[in-house]
Amino acid sequence: MKIVVMGPGGVGGYFGARLAAAGNDVTFIARGSHLEAMRAKGLRLDAELGNLTLSPVKVAADAREVETADVVVFAVKMRDTETAAESLKGLVAKGAAIFTFQNGVESVDRIGRIVGPGHVVPGVARIASHISEPGVIKQIGRFATLQFGEPDGKASARVTAFHEACVAAGIQASISENIGRELWMKFSMLAPLAAMTALTRTSIGPIRDAADTRALLDAAVDETVAVGVALKTGLTPDDAGSVKKVLDGLPRPMMASMAHDLMSGKPIELEGLSGAVVRLGKTAGVATPTHRFVTQALAPFTNGAPKV
């Protein structure tokens, strides 16, 4: 299968490397020091689920350099969504399907406005991983899964083919008949996790240990689920308890990618996570004071480390 990976970070880099190692024709679209490191040394996974080094790798600075593809794994940061989608118009016109594994719950609509909604397959990636240094993806924990499916829940050739490629690569992947609910279940976990690990600059373990920060974490979950319920996404009030159990089971060292980005001085996905909870909560008539506080507290870091 010919695959283009847009954004070879913690998600795209990890799963793209596994797909490439299994014999798929994978081209990574990267930039900056990560691009240069991949060109010079390849791509390395420093992973609890098994180390891997790909050298050489196929890597380009722009998707327009690639002639054709069957699948695009779309995993760029949310602020880069429109720019990245624009660069994929040529591949989509030649038949490529975009499988988006971005954070948040607005990815399909944003990409679809540019390339056409029928060309986008929603997906959910669950993995604790990040770029630890240029050319290296660090993965922790014993989980790294992909879920994806057509928005209407029906089977399709493109979903079946990509699923077969993932399974053959040793990736724990599944096809969902209700991917909208799965997106919101992840969002209800990730938005609070990102909020609290970025706000405190620490991992989930100490956050769970301290009663006051645990209370903030639980409040953030409750708000996110309440918004999802009000918007009729498939969530129920009982899902708040399920999400908290997931957070309780995460590895103690785990931090959301937003926390890693903040601590590295990079722009953060605040607007698409806690900001989206606040924005969608306003639309649904649901109060979101915890996420509003987080967006206010982290506002100076939205575009990277502030000048002092």
# chains A, B, ... in the order shown; residues from 1 in each chain; ligands from 1
$ closest_atom_pairs --of "stretch 174-267 of chain A" --to "stretch 271-276 of chain A" --cutoff "10 Å" --atoms "only C-alpha atoms" --output "CSV"
residue,atom,partner,partner_atom,distance
A:Phe187,CA,A:Leu273,CA,7.8
A:Ser188,CA,A:Leu273,CA,9.5
A:Leu190,CA,A:Leu273,CA,7.8
A:Ala191,CA,A:Leu273,CA,5.0
A:Pro192,CA,A:Ser274,CA,7.5
A:Leu193,CA,A:Leu273,CA,9.9
A:Ala194,CA,A:Leu273,CA,7.7
A:Ala195,CA,A:Ser274,CA,6.7
A:Ala220,CA,A:Ser274,CA,8.8
A:Thr224,CA,A:Ser274,CA,8.7
A:Met258,CA,A:Leu273,CA,9.4
$ residues_around --residues "stretch 44-59 of chain A" --least-positions-apart "2" --cutoff "9 Å" --atoms "only C-alpha atoms" --output "ChimeraX atom specification"
/A:13-14,17-18,20-21,25-30,35,38-42,61,129,132,135-144
$ write_last_selection --atoms "N, CA and C atoms" --output "JSON list (two decimals), in the first residue's frame"
[["chain", "number", "residue", "atom", "x", "y", "z"],
["A", 13, "GLY", "N", 4.56, 9.43, 13.21],
["A", 13, "GLY", "CA", 5.88, 8.83, 13.14],
["A", 13, "GLY", "C", 5.87, 7.39, 13.62],
["A", 14, "TYR", "N", 5.17, 7.14, 14.73],
["A", 14, "TYR", "CA", 5.13, 5.79, 15.28],
["A", 14, "TYR", "C", 4.43, 4.82, 14.34],
["A", 17, "ALA", "N", 6.07, 4.37, 10.91],
["A", 17, "ALA", "CA", 7.26, 3.54, 10.94],
["A", 17, "ALA", "C", 6.89, 2.06, 10.96],
["A", 18, "ARG", "N", 5.88, 1.71, 11.74],
["A", 18, "ARG", "CA", 5.44, 0.31, 11.78],
["A", 18, "ARG", "C", 4.94, -0.14, 10.41],
["A", 20, "ALA", "N", 5.82, 1.12, 7.49],
["A", 20, "ALA", "CA", 6.95, 1.05, 6.57],
["A", 20, "ALA", "C", 7.77, -0.21, 6.81],
["A", 21, "ALA", "N", 7.98, -0.56, 8.07],
["A", 21, "ALA", "CA", 8.77, -1.74, 8.41],
["A", 21, "ALA", "C", 8.11, -3.02, 7.90],
["A", 25, "ASP", "N", 4.86, 1.12, 1.14],
["A", 25, "ASP", "CA", 5.59, 2.22, 0.54],
["A", 25, "ASP", "C", 5.15, 3.51, 1.25],
["A", 26, "VAL", "N", 5.90, 3.91, 2.26],
["A", 26, "VAL", "CA", 5.52, 5.02, 3.12],
["A", 26, "VAL", "C", 6.43, 6.22, 2.88],
["A", 27, "THR", "N", 5.83, 7.38, 2.63],
["A", 27, "THR", "CA", 6.56, 8.64, 2.53],
["A", 27, "THR", "C", 6.12, 9.55, 3.67],
["A", 28, "PHE", "N", 7.08, 10.03, 4.44],
["A", 28, "PHE", "CA", 6.80, 10.93, 5.55],
["A", 28, "PHE", "C", 6.97, 12.37, 5.08],
["A", 29, "ILE", "N", 6.00, 13.22, 5.43],
["A", 29, "ILE", "CA", 6.08, 14.65, 5.13],
["A", 29, "ILE", "C", 6.45, 15.36, 6.42],
["A", 30, "ALA", "N", 7.67, 15.88, 6.48],
["A", 30, "ALA", "CA", 8.19, 16.48, 7.71],
["A", 30, "ALA", "C", 8.75, 17.86, 7.41],
["A", 35, "LEU", "N", 12.84, 16.84, 9.82],
["A", 35, "LEU", "CA", 13.06, 16.48, 8.43],
["A", 35, "LEU", "C", 14.53, 16.21, 8.16],
["A", 38, "MET", "N", 15.75, 12.99, 9.79],
["A", 38, "MET", "CA", 15.27, 11.80, 9.09],
["A", 38, "MET", "C", 16.03, 11.58, 7.79],
["A", 39, "ARG", "N", 16.36, 12.65, 7.10],
["A", 39, "ARG", "CA", 17.14, 12.52, 5.87],
["A", 39, "ARG", "C", 18.55, 12.00, 6.17],
["A", 40, "ALA", "N", 19.11, 12.43, 7.28],
["A", 40, "ALA", "CA", 20.50, 12.07, 7.59],
["A", 40, "ALA", "C", 20.63, 10.70, 8.26],
["A", 41, "LYS", "N", 19.70, 10.40, 9.18],
["A", 41, "LYS", "CA", 19.87, 9.20, 10.01],
["A", 41, "LYS", "C", 18.68, 8.25, 9.97],
["A", 42, "GLY", "N", 17.61, 8.62, 9.28],
["A", 42, "GLY", "CA", 16.41, 7.79, 9.29],
["A", 42, "GLY", "C", 15.49, 8.14, 10.44],
["A", 61, "ALA", "N", 9.50, 17.34, 2.06],
["A", 61, "ALA", "CA", 9.09, 18.55, 2.77],
["A", 61, "ALA", "C", 7.68, 18.98, 2.42],
["A", 129, "SER", "N", 3.15, 8.96, 23.17],
["A", 129, "SER", "CA", 4.36, 9.09, 22.36],
["A", 129, "SER", "C", 4.59, 10.55, 22.00],
["A", 132, "SER", "N", 11.10, 12.87, 20.93],
["A", 132, "SER", "CA", 12.02, 13.13, 22.03],
["A", 132, "SER", "C", 13.24, 13.92, 21.58],
["A", 135, "GLY", "N", 14.16, 13.12, 14.68],
["A", 135, "GLY", "CA", 14.39, 11.80, 14.13],
["A", 135, "GLY", "C", 14.09, 10.65, 15.07],
["A", 136, "VAL", "N", 13.62, 10.95, 16.29],
["A", 136, "VAL", "CA", 13.37, 9.90, 17.29],
["A", 136, "VAL", "C", 11.98, 10.07, 17.90],
["A", 137, "ILE", "N", 11.20, 8.98, 17.90],
["A", 137, "ILE", "CA", 9.88, 8.96, 18.54],
["A", 137, "ILE", "C", 9.98, 8.12, 19.80],
["A", 138, "LYS", "N", 9.60, 8.70, 20.93],
["A", 138, "LYS", "CA", 9.58, 7.99, 22.22],
["A", 138, "LYS", "C", 8.16, 7.53, 22.51],
["A", 139, "GLN", "N", 8.00, 6.23, 22.77],
["A", 139, "GLN", "CA", 6.69, 5.67, 23.11],
["A", 139, "GLN", "C", 6.79, 4.97, 24.45],
["A", 140, "ILE", "N", 5.80, 5.24, 25.35],
["A", 140, "ILE", "CA", 5.77, 4.57, 26.65],
["A", 140, "ILE", "C", 4.44, 3.86, 26.83],
["A", 141, "GLY", "N", 4.44, 2.87, 27.72],
["A", 141, "GLY", "CA", 3.21, 2.14, 28.00],
["A", 141, "GLY", "C", 3.06, 0.93, 27.09],
["A", 142, "ARG", "N", 2.03, 0.16, 27.34],
["A", 142, "ARG", "CA", 1.79, -1.07, 26.62],
["A", 142, "ARG", "C", 0.62, -0.96, 25.65],
["A", 143, "PHE", "N", 0.30, 0.25, 25.25],
["A", 143, "PHE", "CA", -0.82, 0.42, 24.32],
["A", 143, "PHE", "C", -0.42, 1.34, 23.18],
["A", 144, "ALA", "N", -0.90, 1.00, 22.00],
["A", 144, "ALA", "CA", -0.72, 1.83, 20.80],
["A", 144, "ALA", "C", -1.76, 1.31, 19.81]]
$ residues_around --residues "A:Thr290" --least-positions-apart "6" --cutoff "8 Å" --atoms "only C-alpha atoms" --output "list in words"
Leu216, Ala219, Ala220 and Glu223 of chain A
$ closest_residue --among "A:Val294, A:Ile207, A:Ala93, A:Val73" --to "A:Leu146" --atoms "only C-alpha atoms"
A:Val73
$ closest_residue --among "A:Gly234, A:Val159, A:Asp212, A:Val278" --to "A:Arg181" --atoms "only C-alpha atoms"
A:Gly234
$ closest_residue --among "A:Lys186, A:Lys266, A:Arg279, A:Lys154" --to "A:Asp239" --atoms "only C-alpha atoms"
A:Lys186
$ atom_distance --atom1 "atom CA of A:Glu177" --atom2 "atom CA of A:Arg110"
21.7 Å
$ atom_distance --atom1 "atom CA of A:Met185" --atom2 "atom CA of A:Val92"
28.9 Å
$ select_by_dssp --residues "stretch 114-251 of chain A" --states "strand (DSSP E)" --output "PyMOL selection string"
chain A and resi 120-133+136-148+172-175
$ atom_distance --atom1 "atom CA of A:Arg64" --atom2 "atom CA of A:Gly10"
22.8 Å
$ residues_around --residues "A:Cys166" --least-positions-apart "2" --cutoff "12 Å" --atoms "only C-alpha atoms" --output "JSON, numbers by chain"
{"A": [1, 3, 15, 16, 17, 18, 19, 20, 21, 22, 23, 24, 71, 73, 144, 145, 146, 147, 148, 159, 160, 161, 162, 163, 164, 168, 169, 170, 171, 172, 173, 174, 175]}
$ select_by_dssp --residues "stretch 90-193 of chain A" --states "helix (DSSP H, G or I)" --output "MDAnalysis selection string"
chainID A and resid 90:93 107:115 117:119 157:168 179:193
$ residues_around --residues "stretch 281-287 of chain A" --least-positions-apart "5" --cutoff "7 Å" --atoms "only C-alpha atoms" --output "PyMOL selection string"
chain A and resi 227+230-231
$ residues_around --residues "A:Val66" --least-positions-apart "4" --cutoff "9 Å" --atoms "only C-alpha atoms" --output "PyMOL selection string"
chain A and resi 4+27+60+62+91
$ write_last_selection --atoms "C-alpha atoms" --output "PDB file, in the first residue's frame"
ATOM      1  CA  VAL A   4       1.745   9.305   2.953  1.00  0.00           C
ATOM      2  CA  THR A  27       6.561   8.636   2.529  1.00  0.00           C
ATOM      3  CA  ALA A  60       9.752  14.973   1.755  1.00  0.00           C
ATOM      4  CA  ASP A  62       5.804  18.860   0.874  1.00  0.00           C
ATOM      5  CA  LEU A  91      -3.259  13.341  -4.092  1.00  0.00           C
TER       6      LEU A  91
END
